[in-house]
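One structure below.
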Amino acid sequence: MTEAELQSQVADYLRFRYPSVLFHSDFGSGVKLTMGQAIRQKRQNGGRRAWPDMFIAHPNCYENCGADIWTHGLFIELKREGTRIRKKNGEFASEHIKEQWEILGALTLRGYKAEFACGFDEAKKLIDDYLGGTDENR
């Protein structure tokens, strides 16, 4: 399954399981773009090519709610099943994955939940954990 197919599968899951939750998916992810299109997309993404694939626009009290720790939403960087984020020696598997990790970290510092998800099952678990598994009051 390609990343684009995985992204469509996750979007379908969100629409089915959480119909009232607002989300956005980056159509350019995993798509072969011409040089001009790639330049335009990068410019429209703030000059960064490592922006996450999906955003769920739902604030949430995630973990340790008693401490009033809220996130503004969930960013997901989708990877195909079996993708390695890091090598055995701890280094990132590629420079691009390192850039993506840095963007996820910057988003986390700004109050978002931001994670990698490798494959549909990991993405589904991340979403269900974040949203509490129910569409009530969303």
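Each chain of the structure tokens is named A, B, ... in the order shown, its residues numbered from 1; ligands are numbered from 1 in display order.
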field: Contacts of Phe55 (chain A) at 9 Å (only C-alpha atoms; same-chain gap of 4+ positions) as a list in words
entry: Leu22, Phe23, His24, Ser25, Asp26, Gly73, Leu74, Phe75, Ile76 and Ala114 of chain A
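Residues of region 77-131 of chain A assigned to strand (DSSP E) by DSSP on this structure's backbone: Glu77, Leu78, Lys79, Lys113, Ala114, Glu115, Phe116, Ala117 and Cys118 of chain A.
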message: Can you tell me which residues surround region 33-50 of chain A at a distance of at most 7 Å, considering only C-alpha atoms, apart from same-chain residues fewer than 2 positions away, and format the answer as a list in words?
response: Val31, Pro52, Glu99, Gln100 and Ile103 of chain A
Could those selected residues go to a file with N, CA and C atoms, as a PDB file, in the first residue's frame?
ATOM      1  N   VAL A  31       2.441  12.077  -3.766  1.00  0.00           N
ATOM      2  CA  VAL A  31       2.112  12.267  -5.167  1.00  0.00           C
ATOM      3  C   VAL A  31       3.341  12.791  -5.897  1.00  0.00           C
ATOM      4  N   PRO A  52       3.300  17.473   8.268  1.00  0.00           N
ATOM      5  CA  PRO A  52       2.565  16.205   8.441  1.00  0.00           C
ATOM      6  C   PRO A  52       1.437  16.018   7.429  1.00  0.00           C
ATOM      7  N   GLU A  99      13.789  15.471   9.219  1.00  0.00           N
ATOM      8  CA  GLU A  99      13.085  16.746   9.057  1.00  0.00           C
ATOM      9  C   GLU A  99      11.641  16.627   9.551  1.00  0.00           C
ATOM     10  N   GLN A 100      10.981  15.523   9.224  1.00  0.00           N
ATOM     11  CA  GLN A 100       9.606  15.313   9.671  1.00  0.00           C
ATOM     12  C   GLN A 100       9.542  15.230  11.194  1.00  0.00           C
ATOM     13  N   ILE A 103       9.746  18.698  12.659  1.00  0.00           N
ATOM     14  CA  ILE A 103       8.468  19.423  12.536  1.00  0.00           C
ATOM     15  C   ILE A 103       7.473  18.902  13.574  1.00  0.00           C
TER      16      ILE A 103
END
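Among the candidates A:Cys118, A:Leu107, A:Ala123, A:Ile69, the residue lying nearest to Thr83 (chain A) is A:Cys118 (atoms considered: only C-alpha atoms).
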- prompt: So which one's closest to Pro59 (chain A), A:Thr2, A:Tyr13, A:Leu126, A:Gly111? Using only C-alpha atoms, please.
  reply: A:Gly111
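For the pair CA of His58 (chain A) and CA of Thr71 (chain A), the separation is 8.4 Å.
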